[in-house]
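J.: My structure is in protein29.cif, and what it holds is mmCIF, C-alpha atoms:
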data_data
#
loop_
_atom_site.label_atom_id
_atom_site.label_comp_id
_atom_site.auth_asym_id
_atom_site.auth_seq_id
_atom_site.Cartn_x
_atom_site.Cartn_y
_atom_site.Cartn_z
CA MET E 1 152.76 196.33 48.86
CA THR E 2 152.51 196.09 52.64
CA THR E 3 150.12 193.38 53.85
CA LEU E 4 147.82 194.65 56.57
CA THR E 5 146.57 192.53 59.44
CA PRO E 6 142.80 192.00 59.79
CA ASP E 7 142.75 194.39 62.73
CA GLU E 8 144.54 197.07 60.69
CA ILE E 9 142.07 196.59 57.82
CA PHE E 10 139.13 196.94 60.19
CA ALA E 11 140.57 200.07 61.80
CA TYR E 12 141.27 201.66 58.41
CA VAL E 13 137.73 201.10 57.14
CA GLU E 14 136.13 202.10 60.44
CA ALA E 15 137.97 205.44 60.41
CA ARG E 16 136.73 206.25 56.90
CA GLU E 17 133.23 204.78 56.66
CA SER E 18 130.17 206.72 57.80
CA GLY E 19 128.48 206.54 61.16
CA ALA E 20 125.49 204.87 59.50
CA ARG E 21 127.11 201.43 59.71
CA THR E 22 125.01 198.88 61.57
CA TYR E 23 126.19 195.29 61.17
CA ALA E 24 129.86 196.24 61.49
CA THR E 25 129.25 197.74 64.93
CA ALA E 26 128.20 194.30 66.22
CA PHE E 27 130.59 192.16 64.19
CA GLY E 28 133.90 193.86 64.87
CA ALA E 29 136.01 191.72 62.57
CA VAL E 30 136.97 191.40 58.91
CA LEU E 31 134.73 188.98 57.05
CA GLN E 32 137.18 186.87 55.06
CA GLU E 33 135.52 183.81 53.54
CA GLY E 34 132.20 182.02 53.26
CA HIS E 35 130.86 178.68 52.05
CA GLY E 36 127.25 177.63 52.46
CA ALA E 37 126.01 178.58 55.92
CA ARG E 38 129.50 179.10 57.35
CA ILE E 39 131.81 182.11 57.32
CA ARG E 40 135.32 182.77 58.57
CA ASP E 41 136.86 186.01 59.79
CA GLY E 42 140.38 187.28 59.23
CA HIS E 43 141.66 185.55 62.37
CA GLY E 44 140.34 182.17 61.23
CA VAL E 45 137.34 182.11 63.59
CA GLN E 46 134.36 180.32 62.05
CA TYR E 47 130.68 181.18 62.49
CA LEU E 48 127.34 179.80 61.45
CA ASP E 49 125.76 182.61 59.45
CA CYS E 50 122.13 183.17 60.40
CA LEU E 51 122.17 186.67 58.97
CA ALA E 52 122.95 185.70 55.34
CA ALA E 53 123.31 189.37 54.35
CA ALA E 54 119.85 190.16 55.75
CA GLY E 55 118.39 187.19 53.89
CA THR E 56 120.07 187.94 50.57
CA LEU E 57 122.09 184.70 50.38
CA ALA E 58 119.28 182.19 49.99
CA LEU E 59 121.74 179.59 48.65
CA GLY E 60 124.42 180.52 51.16
CA HIS E 61 127.89 181.82 50.39
CA ASN E 62 129.53 180.96 47.06
CA HIS E 63 127.05 178.41 45.77
CA PRO E 64 128.98 176.45 43.10
CA GLU E 65 126.27 176.55 40.43
CA VAL E 66 125.79 180.31 40.76
CA LEU E 67 129.56 180.84 40.58
CA ARG E 68 129.81 178.55 37.54
CA ARG E 69 127.09 180.44 35.66
CA VAL E 70 128.57 183.84 36.48
CA ARG E 71 132.08 182.78 35.39
CA GLU E 72 130.66 181.31 32.20
CA TYR E 73 128.84 184.55 31.45
CA LEU E 74 131.83 186.77 32.17
CA GLU E 75 133.95 184.73 29.78
CA SER E 76 131.28 184.65 27.04
CA GLY E 77 131.80 188.18 25.73
CA GLN E 78 128.19 189.18 26.39
CA VAL E 79 127.52 192.69 27.65
CA GLN E 80 127.97 193.40 31.36
CA GLN E 81 125.71 196.48 31.41
CA ALA E 82 122.77 197.15 29.10
CA LEU E 83 120.51 199.79 30.72
CA ASP E 84 117.01 198.50 29.89
CA LEU E 85 117.92 196.94 26.54
CA THR E 86 116.87 193.36 25.84
CA THR E 87 119.51 190.66 26.32
CA PRO E 88 119.55 186.86 26.54
CA ALA E 89 120.33 187.20 30.25
CA LYS E 90 117.20 189.25 30.83
CA TYR E 91 115.09 186.73 28.92
CA ALA E 92 116.51 183.82 30.92
CA PHE E 93 115.91 185.57 34.22
CA LEU E 94 112.33 186.60 33.43
CA SER E 95 111.53 183.11 32.15
CA ALA E 96 112.76 181.57 35.40
CA LEU E 97 111.03 184.19 37.57
CA TYR E 98 107.62 183.94 35.93
CA GLU E 99 107.58 180.19 36.55
CA TRP E 100 107.39 181.07 40.25
CA LEU E 101 104.44 183.51 40.06
CA PRO E 102 101.24 181.98 41.46
CA GLY E 103 97.68 182.05 40.14
CA THR E 104 97.05 184.44 37.28
CA MET E 105 100.06 186.62 38.02
CA ALA E 106 102.31 185.08 35.36
CA ASP E 107 99.75 185.99 32.70
CA THR E 108 98.91 189.50 33.91
CA PHE E 109 101.99 190.98 35.62
CA ARG E 110 104.66 193.22 34.17
CA THR E 111 108.17 193.91 35.50
CA GLN E 112 110.04 197.14 36.17
CA PHE E 113 113.74 196.59 36.86
CA CYS E 114 114.83 199.12 39.47
CA GLY E 115 118.11 200.28 40.95
CA PRO E 116 120.12 197.67 42.85
CA ALA E 117 118.49 198.01 46.31
CA GLY E 118 115.10 196.99 47.66
CA ALA E 119 114.30 200.59 48.57
CA ASP E 120 114.46 201.40 44.85
CA ALA E 121 111.56 199.02 44.24
CA THR E 122 109.57 200.79 46.96
CA GLU E 123 110.26 204.16 45.36
CA ALA E 124 109.24 202.83 41.95
CA ALA E 125 105.97 201.47 43.31
CA VAL E 126 105.08 204.77 44.97
CA LYS E 127 105.67 206.59 41.68
CA LEU E 128 103.79 204.04 39.60
CA PHE E 129 100.65 203.92 41.70
CA LYS E 130 100.49 207.67 42.19
CA THR E 131 100.77 207.99 38.41
CA ALA E 132 98.24 205.25 37.66
CA THR E 133 95.60 206.38 40.18
CA GLY E 134 96.16 210.14 40.25
CA ARG E 135 96.04 209.96 44.07
CA ARG E 136 98.61 211.23 46.55
CA THR E 137 98.01 209.32 49.82
CA VAL E 138 99.91 206.14 50.71
CA LEU E 139 99.16 203.77 53.59
CA ALA E 140 101.61 201.52 55.41
CA PHE E 141 101.61 199.72 58.79
CA HIS E 142 103.13 200.03 62.23
CA GLY E 143 106.41 198.10 62.34
CA ALA E 144 106.89 198.31 58.57
CA TYR E 145 110.30 198.40 56.93
CA HIS E 146 110.35 199.43 53.27
CA GLY E 147 113.81 200.99 52.98
CA MET E 148 115.93 203.96 54.01
CA THR E 149 115.73 206.28 51.01
CA ALA E 150 113.64 209.40 51.65
CA GLY E 151 110.42 208.06 50.13
CA SER E 152 110.71 204.51 51.44
CA LEU E 153 111.66 205.83 54.89
CA ALA E 154 108.35 207.69 55.02
CA LEU E 155 106.62 204.31 54.71
CA THR E 156 108.88 202.69 57.34
CA GLY E 157 107.67 202.57 60.92
CA ASN E 158 110.94 202.92 62.85
CA LEU E 159 111.05 206.35 64.48
CA ASP E 160 114.77 206.31 65.31
CA ALA E 161 115.55 206.51 61.61
CA LYS E 162 112.84 209.08 60.88
CA ASP E 163 113.23 211.55 63.76
CA PRO E 164 116.53 213.11 62.57
CA VAL E 165 115.14 213.84 59.08
CA PRO E 166 113.28 217.18 58.99
CA SER E 167 111.08 216.44 55.98
CA LEU E 168 109.83 213.19 54.51
CA MET E 169 107.31 212.33 51.79
CA PRO E 170 103.95 213.77 52.89
CA ASP E 171 100.54 212.08 53.03
CA VAL E 172 101.78 208.76 54.39
CA HIS E 173 99.68 207.21 57.15
CA HIS E 174 100.36 204.11 59.25
CA LEU E 175 97.76 201.55 60.34
CA PRO E 176 97.87 198.91 63.12
CA TYR E 177 99.52 195.62 62.11
CA PRO E 178 98.30 192.32 63.63
CA TYR E 179 101.09 191.81 66.17
CA ASP E 180 99.46 189.09 68.27
CA TYR E 181 101.96 189.08 71.15
CA ARG E 182 101.50 192.82 71.66
CA CYS E 183 98.13 193.36 69.98
CA PRO E 184 97.65 197.10 69.26
CA PHE E 185 94.01 196.76 70.33
CA GLY E 186 94.78 194.80 73.50
CA LEU E 187 92.77 191.82 72.24
CA GLY E 188 94.93 189.31 70.38
CA GLY E 189 93.82 186.23 68.48
CA GLU E 190 90.77 186.22 66.21
CA GLN E 191 89.29 189.25 67.97
CA GLY E 192 92.39 191.30 67.25
CA VAL E 193 92.29 190.28 63.58
CA GLN E 194 88.64 191.21 63.13
CA VAL E 195 88.93 194.52 64.95
CA GLY E 196 92.00 195.38 62.87
CA LEU E 197 90.13 194.72 59.63
CA THR E 198 87.13 196.70 60.84
CA TYR E 199 89.43 199.60 61.69
CA VAL E 200 90.95 199.60 58.20
CA GLU E 201 87.58 199.41 56.47
CA ARG E 202 86.05 202.19 58.58
CA LEU E 203 89.06 204.43 57.98
CA LEU E 204 88.88 203.92 54.22
CA THR E 205 85.12 204.48 53.98
CA ASP E 206 84.62 207.25 56.57
CA PRO E 207 84.17 210.62 54.83
CA GLU E 208 85.45 212.29 58.01
CA SER E 209 88.57 210.13 58.46
CA GLY E 210 90.83 212.95 57.30
CA ILE E 211 92.64 210.58 54.94
CA THR E 212 91.98 210.81 51.22
CA LYS E 213 91.60 207.67 49.10
CA PRO E 214 95.09 206.19 48.86
CA ALA E 215 97.13 205.48 45.76
CA ALA E 216 98.25 202.21 47.37
CA VAL E 217 98.55 200.21 50.57
CA PHE E 218 102.01 198.78 51.31
CA LEU E 219 102.69 195.89 53.68
CA GLU E 220 104.85 192.86 54.44
CA ALA E 221 103.13 189.49 54.82
CA VAL E 222 105.84 188.74 57.38
CA GLN E 223 107.42 191.85 58.87
CA GLY E 224 111.19 191.47 58.99
CA GLU E 225 113.00 194.39 60.62
CA GLY E 226 109.81 195.07 62.58
CA GLY E 227 110.39 191.90 64.60
CA VAL E 228 109.56 188.85 62.41
CA ILE E 229 105.79 189.17 62.72
CA PRO E 230 103.73 186.97 60.37
CA ALA E 231 100.35 188.40 59.41
CA PRO E 232 97.52 185.89 59.96
CA PRO E 233 96.27 184.50 56.61
CA GLU E 234 92.69 185.51 57.45
CA TRP E 235 93.83 189.10 58.01
CA LEU E 236 95.59 189.19 54.65
CA ARG E 237 92.52 187.77 52.94
CA GLY E 238 90.30 190.34 54.64
CA LEU E 239 92.61 193.20 53.70
CA ARG E 240 92.74 191.99 50.08
CA GLU E 241 88.94 191.88 49.95
CA ILE E 242 88.60 195.42 51.36
CA THR E 243 91.22 196.97 49.08
CA ALA E 244 89.89 195.21 45.96
CA ARG E 245 86.31 196.26 46.71
CA LEU E 246 87.36 199.88 47.25
CA ASP E 247 89.67 199.95 44.19
CA ILE E 248 92.85 200.52 46.21
CA PRO E 249 96.04 198.81 44.94
CA LEU E 250 97.64 196.41 47.42
CA VAL E 251 101.46 196.22 47.30
CA LEU E 252 103.21 193.29 49.01
CA ASP E 253 106.81 193.91 50.04
CA GLU E 254 108.54 190.53 49.59
CA ILE E 255 112.06 191.96 49.63
CA GLN E 256 113.12 189.96 52.69
CA ALA E 257 110.35 187.38 53.11
CA GLY E 258 110.17 186.29 49.46
CA CYS E 259 112.19 183.81 47.40
CA GLY E 260 111.37 180.76 49.51
CA ARG E 261 112.33 182.28 52.84
CA THR E 262 109.03 181.43 54.58
CA GLY E 263 108.53 177.95 53.13
CA THR E 264 106.50 179.21 50.18
CA MET E 265 108.04 181.09 47.29
CA TRP E 266 106.22 184.27 48.35
CA ALA E 267 105.13 184.93 51.91
CA PHE E 268 101.65 186.05 50.79
CA GLU E 269 100.98 182.67 49.11
CA GLU E 270 99.94 181.04 52.39
CA SER E 271 96.83 183.25 52.40
CA GLY E 272 95.90 182.49 48.80
CA ILE E 273 95.64 186.15 47.79
CA GLU E 274 96.93 187.87 44.65
CA PRO E 275 98.21 191.40 45.29
CA ASP E 276 98.36 194.19 42.71
CA ALA E 277 102.12 194.49 43.01
CA VAL E 278 105.10 192.75 44.59
CA LEU E 279 108.43 194.29 45.62
CA VAL E 280 111.37 191.93 45.16
CA SER E 281 115.09 192.24 45.92
CA LYS E 282 117.72 190.65 48.20
CA ALA E 283 117.71 186.90 47.37
CA ILE E 284 116.30 187.38 43.85
CA GLY E 285 119.76 188.32 42.54
CA GLY E 286 121.46 185.10 43.63
CA GLY E 287 123.79 187.11 45.88
CA PHE E 288 124.22 190.03 43.47
CA PRO E 289 122.40 193.40 43.66
CA LEU E 290 119.02 193.23 41.92
CA SER E 291 115.66 194.86 42.58
CA LEU E 292 112.37 194.79 40.73
CA LEU E 293 108.74 195.78 40.90
CA LEU E 294 106.17 193.26 39.66
CA TYR E 295 102.71 194.71 39.03
CA HIS E 296 99.42 194.01 37.28
CA GLY E 297 99.41 195.27 33.70
CA ARG E 298 96.29 197.36 34.30
CA TYR E 299 98.48 199.83 36.22
CA ASP E 300 101.15 200.20 33.53
CA ALA E 301 100.58 203.94 33.13
CA TRP E 302 104.24 204.91 32.65
CA ARG E 303 105.52 206.54 29.49
CA PRO E 304 109.02 205.73 28.18
CA GLY E 305 111.62 207.18 30.55
CA ALA E 306 109.17 207.73 33.39
CA HIS E 307 111.34 205.59 35.67
CA ALA E 308 115.00 204.97 34.92
CA GLY E 309 118.34 204.10 36.49
CA THR E 310 121.74 203.16 35.10
CA PHE E 311 122.11 199.84 36.93
CA ARG E 312 118.54 198.61 36.67
CA GLY E 313 118.59 194.95 35.66
CA ASN E 314 122.33 194.44 36.08
CA GLN E 315 123.33 191.62 33.72
CA ILE E 316 125.53 189.71 36.20
CA ALA E 317 122.74 189.79 38.78
CA LEU E 318 120.26 188.54 36.18
CA VAL E 319 122.53 185.58 35.40
CA ALA E 320 123.08 184.78 39.09
CA GLY E 321 119.38 185.26 39.85
CA ALA E 322 118.28 182.90 37.10
CA ALA E 323 120.78 180.31 38.32
CA ALA E 324 119.52 180.64 41.90
CA LEU E 325 115.87 180.29 40.86
CA GLU E 326 116.68 177.17 38.87
CA VAL E 327 118.64 175.64 41.77
CA MET E 328 115.75 176.36 44.12
CA ALA E 329 113.40 174.50 41.79
CA GLU E 330 115.70 171.56 41.04
CA GLU E 331 116.68 170.96 44.67
CA GLY E 332 113.25 171.67 46.17
CA LEU E 333 114.70 174.32 48.48
CA VAL E 334 111.38 176.08 49.07
CA GLU E 335 109.77 172.88 50.29
CA GLN E 336 112.87 172.11 52.32
CA ALA E 337 112.65 175.53 53.96
CA ALA E 338 109.18 174.65 55.24
CA VAL E 339 110.42 171.33 56.68
CA LYS E 340 113.57 172.80 58.18
CA GLY E 341 111.47 175.63 59.58
CA GLU E 342 109.37 173.14 61.52
CA LEU E 343 112.56 171.76 63.06
CA LEU E 344 114.00 175.19 63.87
CA GLY E 345 110.73 176.53 65.27
CA GLY E 346 110.27 173.43 67.41
CA LEU E 347 113.77 173.69 68.86
CA LEU E 348 113.30 177.40 69.63
CA ARG E 349 109.97 176.79 71.35
CA ARG E 350 111.57 174.02 73.41
CA LEU E 351 114.31 176.48 74.38
CA ALA E 352 111.66 178.96 75.49
CA LEU E 353 110.33 176.43 78.03
CA THR E 354 113.50 176.73 80.11
CA HIS E 355 114.33 180.38 79.44
CA PRO E 356 111.73 182.81 80.83
CA GLU E 357 113.53 185.69 79.12
CA ILE E 358 112.06 184.39 75.85
CA GLY E 359 108.66 186.06 75.66
CA ASP E 360 107.62 184.89 72.22
CA VAL E 361 108.89 182.68 69.39
CA ARG E 362 107.38 183.28 65.97
CA GLY E 363 108.13 182.79 62.30
CA ARG E 364 107.67 180.67 59.20
CA GLY E 365 110.08 178.62 57.15
CA LEU E 366 113.60 179.87 57.79
CA MET E 367 112.61 183.30 59.09
CA TRP E 368 112.30 183.33 62.89
CA GLY E 369 112.16 185.88 65.67
CA ILE E 370 112.76 185.39 69.40
CA GLU E 371 111.39 188.25 71.47
CA ILE E 372 113.47 188.81 74.59
CA VAL E 373 111.72 190.23 77.65
CA ASP E 374 112.37 191.13 81.26
CA PRO E 375 110.93 188.05 83.00
CA ASP E 376 110.67 189.96 86.30
CA GLY E 377 108.83 192.94 84.80
CA PRO E 378 105.08 193.58 84.97
CA ALA E 379 102.93 191.81 82.39
CA ASP E 380 100.41 193.71 80.27
CA ALA E 381 96.75 192.75 79.90
CA LEU E 382 97.65 189.97 77.45
CA GLY E 383 100.49 188.61 79.61
CA ALA E 384 103.41 190.06 77.63
CA LYS E 385 106.40 191.14 79.69
CA PRO E 386 108.39 194.33 78.90
CA ALA E 387 110.75 194.12 75.91
CA ASP E 388 114.41 193.91 76.95
CA GLY E 389 116.64 195.42 74.28
CA ASP E 390 119.71 195.52 76.53
CA ARG E 391 119.57 191.78 77.22
CA THR E 392 119.02 191.14 73.51
CA ARG E 393 122.18 193.03 72.61
CA ARG E 394 124.17 191.08 75.21
CA ILE E 395 122.88 187.77 73.87
CA LYS E 396 123.68 188.76 70.30
CA LYS E 397 127.24 189.63 71.30
CA ALA E 398 127.60 186.39 73.27
CA CYS E 399 126.42 184.44 70.22
CA LEU E 400 129.56 185.57 68.38
CA LYS E 401 131.70 184.01 71.09
CA HIS E 402 129.91 180.71 70.44
CA GLY E 403 130.29 180.90 66.66
CA LEU E 404 126.86 182.23 65.69
CA LEU E 405 126.10 185.36 63.68
CA LEU E 406 122.57 186.72 63.85
CA GLU E 407 120.80 190.09 64.01
CA SER E 408 118.30 191.86 66.24
CA GLY E 409 115.36 194.11 65.45
CA GLY E 410 111.76 194.73 66.40
CA ARG E 411 110.41 197.10 69.01
CA HIS E 412 113.18 198.37 71.31
CA GLY E 413 115.62 196.11 69.44
CA ALA E 414 114.38 193.19 71.54
CA VAL E 415 113.93 190.50 68.88
CA LEU E 416 116.73 188.12 67.89
CA ARG E 417 116.30 187.37 64.19
CA LEU E 418 117.35 184.18 62.40
CA LEU E 419 117.66 184.25 58.59
CA PRO E 420 119.89 181.28 57.68
CA PRO E 421 120.45 180.21 54.07
CA LEU E 422 117.81 177.85 52.70
CA THR E 423 120.66 175.38 52.18
CA ILE E 424 121.41 175.08 55.91
CA THR E 425 121.44 171.45 57.05
CA GLU E 426 119.44 169.96 59.90
CA GLU E 427 122.69 169.29 61.73
CA GLU E 428 123.61 172.96 61.40
CA ILE E 429 120.18 173.98 62.71
CA HIS E 430 120.86 171.97 65.86
CA GLU E 431 124.25 173.73 66.14
CA VAL E 432 122.55 177.12 65.81
CA VAL E 433 120.14 176.49 68.67
CA ALA E 434 122.88 174.98 70.84
CA ALA E 435 125.04 178.09 70.35
CA LEU E 436 122.07 180.35 71.08
CA GLU E 437 121.35 178.50 74.32
CA LYS E 438 124.98 178.82 75.44
CA ALA E 439 124.84 182.56 74.74
CA MET E 440 121.62 182.91 76.76
CA ILE E 441 123.15 181.01 79.68
CA ASP E 442 126.17 183.34 79.53
CA CYS E 443 123.85 186.33 79.83
CA GLY E 444 121.96 184.99 82.79
#
If you took the structure in this file and wrote it as structure tokens, what would it be?
T.:
Amino acid sequence: MTTLTPDEIFAYVEARESGARTYATAFGAVLQEGHGARIRDGHGVQYLDCLAAAGTLALGHNHPEVLRRVREYLESGQVQQALDLTTPAKYAFLSALYEWLPGTMADTFRTQFCGPAGADATEAAVKLFKTATGRRTVLAFHGAYHGMTAGSLALTGNLDAKDPVPSLMPDVHHLPYPYDYRCPFGLGGEQGVQVGLTYVERLLTDPESGITKPAAVFLEAVQGEGGVIPAPPEWLRGLREITARLDIPLVLDEIQAGCGRTGTMWAFEESGIEPDAVLVSKAIGGGFPLSLLLYHGRYDAWRPGAHAGTFRGNQIALVAGAAALEVMAEEGLVEQAAVKGELLGGLLRRLALTHPEIGDVRGRGLMWGIEIVDPDGPADALGAKPADGDRTRRIKKACLKHGLLLESGGRHGAVLRLLPPLTITEEEIHEVVAALEKAMIDCG
């Protein structure tokens, strides 16, 4: 068999894969190997990986304990696929997962294993809460990202993805999210939070709002693709109080921000609330495809077969996921993420002092966003300069030259996003920021 060069492999795949590719358009190389927070391409060039498969690889590439457990399982003769039948692997995973549920959730929540992607959990939640409440309306927020399937796309805020699609799920309405740097009410701070909560409450209680009582409200405690925007804890507490009082289920999308990413196991934990449901995917599978919906048992209105899927609860992913959850507990990786996040955030804020093109630095744990602006552009009423997506793309490309892989997102694609593995070392964090600074200098 003829051995192809990395460039020939890339060209072959590029000519045959769809135009929907995203990451491959920025990283124009063959990804060959990965260990921990470092990857190597087909030409032997090494990079620090601050993308981690969009946050999926919480333990980094090829964590030895996850690999050991998967190999052990594959050689054990146990089933590799089981639909929704009970297996020892499912028991082990659920036992490990429920140890991480806060408050009363471990005693009251049930689990629906979904298809392999996070969007499948979103779709399942929409179906469940429409079934349980008998209502048709769903609310989400500006800047939201809940997936790219037809139903989850309706809940997503990004218009570039939605505009080409003639028909999406009806009766979905979007509300203002507390984006302090570019406050939708032009207020910011505590005023912006309180006005935002008042807006939500008035909309839900106004008989002339034009919006019927919703089946559920979906949100991210820290928006990811929307630009790494953490919701203030007081806003989350206020929203929880309003939705509970009005008997409206609150669904927290923890697909990217969960599993220790923000320095707590779940991003909503900082606020002290308990939602009615949680969407989980990405890191929960230990690097393998896994997606699930956790929800309060009072909403378990499904009959057998009401929601199905061949690969729901894939056995290999359950084994890897259980291993990852146990490693996170044994090595204190969630607590470490909080400490390392303080270091990373501090270094990024220090960088902002000498780079006026950095308009805002925000995040929690090991989930950070750097909003790039035109420093010579006009400021708005709150002092925010215009978003600069072109400069952001140039910086992202220059980062590759300096051995750093990251992603962009947010409004106008103007936010550089850092999602390193929770296992990244402090030394590597310093390397990340040094490479980012070199890339910014390159781009003027």
J.: Which protein, DNA or RNA residues are at most 10 Å from (101.5, 200.7, 52.6) in the file's coordinates when you count only C-alpha atoms, listed as a list of chain:residue names?
T.: E:Thr122, E:Val126, E:Thr137, E:Val138, E:Leu139, E:Ala140, E:Phe141, E:His142, E:Ala144, E:His146, E:Leu155, E:Thr156, E:Val172, E:His173, E:His174, E:Leu175, E:Pro214, E:Ala215, E:Ala216, E:Val217, E:Phe218, E:Leu219, E:Glu220, E:Pro249, E:Leu250, E:Val251, E:Leu252, E:Asp253
J.: Work out how far apart CA of Leu187 in chain E and CA of Ala387 in chain E are and give it in Å to one decimal.
T.: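 Going from CA of Leu187 in chain E over to CA of Ala387 in chain E, I get 18.5 Å.
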J.: Pick from E:Ala37, E:Val228, E:Met105, E:Leu246: nearest to Leu416 in chain E, with all atoms listed in the file counted?
T.: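 Closest residue, counting all atoms listed in the file: E:Val228.
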J.: In Å to one decimal, how far is CA of His355 in chain E from CA of Cys443 in chain E?
T.: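 Distance reported for this atom pair: 11.2 Å.
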J.: Given the file above and the PyMOL selection byres ((chain E and resi 53) around 12), which residues are selected, and can you give them as a ChimeraX atom specification?
T.: /E:23-24,31,34,37,39,49-52,54-61,256,282-283,286-289,405-407,418-421
J.: Could you expand the PyMOL selection byres ((chain E and resi 108) around 6) into the explicit residues it covers here, written as a ChimeraX atom specification?
T.: /E:105-107,109,296-297
